[in-house]
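For reference, the structure is listed below as structure tokens.
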Amino acid sequence: MKASNVKPITYMKTHSAELVKAVNENRSPVVITQNGHARAVVMDAASYEQMQDALILLKILSQSDAEYRKGHWKSQEEVEADLKKRFPA
């Protein structure tokens with residue numbers, strides 16, 4: 001992470017509006033430190049939502065992979081037959 005993306009908590013306290021504006025314009029998170037240790041991350045809402053969506057997709061992929069490895073899967077033909085039974089034309 002770039003040094004410009006790391007700020008002490010005192011900076012956040014005295015420049016909060018400026019910090020929020022910069023985070024939203026740059027779409028780059030800022031690490032907030034306290035006593036020299038990272039304690040929080042400030043990021044724009046759109047990036048946060050995008051990150052949450054990506055995490056959900058990764059979780060779904062992981063669960064799908066685990067089910068596949070357990071042998072819990074169907075061939076395309078089986079899925080198509082099931083769909084035809086559920087939704088007859």
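Labels used: A, B, ... for chains in the order of the structure tokens, numbers from 1 for residues in each chain, and numbers from 1 for ligands as shown.
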(message) I'd like the contact shell of Lys21 in chain A - 12 Å cut-off, only C-alpha atoms, skipping same-chain residues fewer than 6 positions apart - returned as a PyMOL selection string.
(response) chain A and resi 12+15+27-30+42-45
With C-alpha atoms kept, could you save the residues just selected as a PDB file, in the first residue's frame?
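The file below, result-v4.pdb, is the result:
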```
ATOM      1  CA  MET A  12      -8.887  11.512  10.259  1.00  0.00           C
ATOM      2  CA  HIS A  15      -9.537  16.295   8.151  1.00  0.00           C
ATOM      3  CA  ARG A  27     -11.700   5.114  -5.122  1.00  0.00           C
ATOM      4  CA  SER A  28      -8.651   4.046  -3.154  1.00  0.00           C
ATOM      5  CA  PRO A  29      -8.913   2.942   0.481  1.00  0.00           C
ATOM      6  CA  VAL A  30      -6.998   4.681   3.248  1.00  0.00           C
ATOM      7  CA  VAL A  42     -11.821   4.031   5.061  1.00  0.00           C
ATOM      8  CA  MET A  43     -13.171   3.328   1.595  1.00  0.00           C
ATOM      9  CA  ASP A  44     -15.900   4.614  -0.696  1.00  0.00           C
ATOM     10  CA  ALA A  45     -19.293   2.933  -0.538  1.00  0.00           C
TER      11      ALA A  45
END
```
(request) Assign secondary structure with DSSP using the backbone only, and return the residues of chain A in helix (DSSP H, G or I) as a ChimeraX atom specification. (result) /A:3-5,9-14,16-26,45-69,76-86
(request) Kindly give the distance, in Å, that separates CA of Leu83 in chain A and CA of Ser62 in chain A, rounded to a single decimal. (result)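 Taking CA of Leu83 in chain A and CA of Ser62 in chain A, their separation equals 24.7 Å.
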(request) Mind listing the strand (DSSP E) residues of range 4-87 of chain A, per DSSP on the backbone, as number ranges by chain? (result) A: 6-8, 30-34, 37-42
(message) With only C-alpha atoms as the counted atoms, please give the residues lying no more than 9 Å from range 35-38 of chain A, apart from itself and same-chain residues fewer than 2 positions off, as a list in words.
(response) Val6, Pro8, Ile9, Val31, Ile32, Thr33, Ala40 and Val41 of chain A
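Going from CA of Glu25 in chain A over to CA of Tyr48 in chain A, you cover 14.2 Å.
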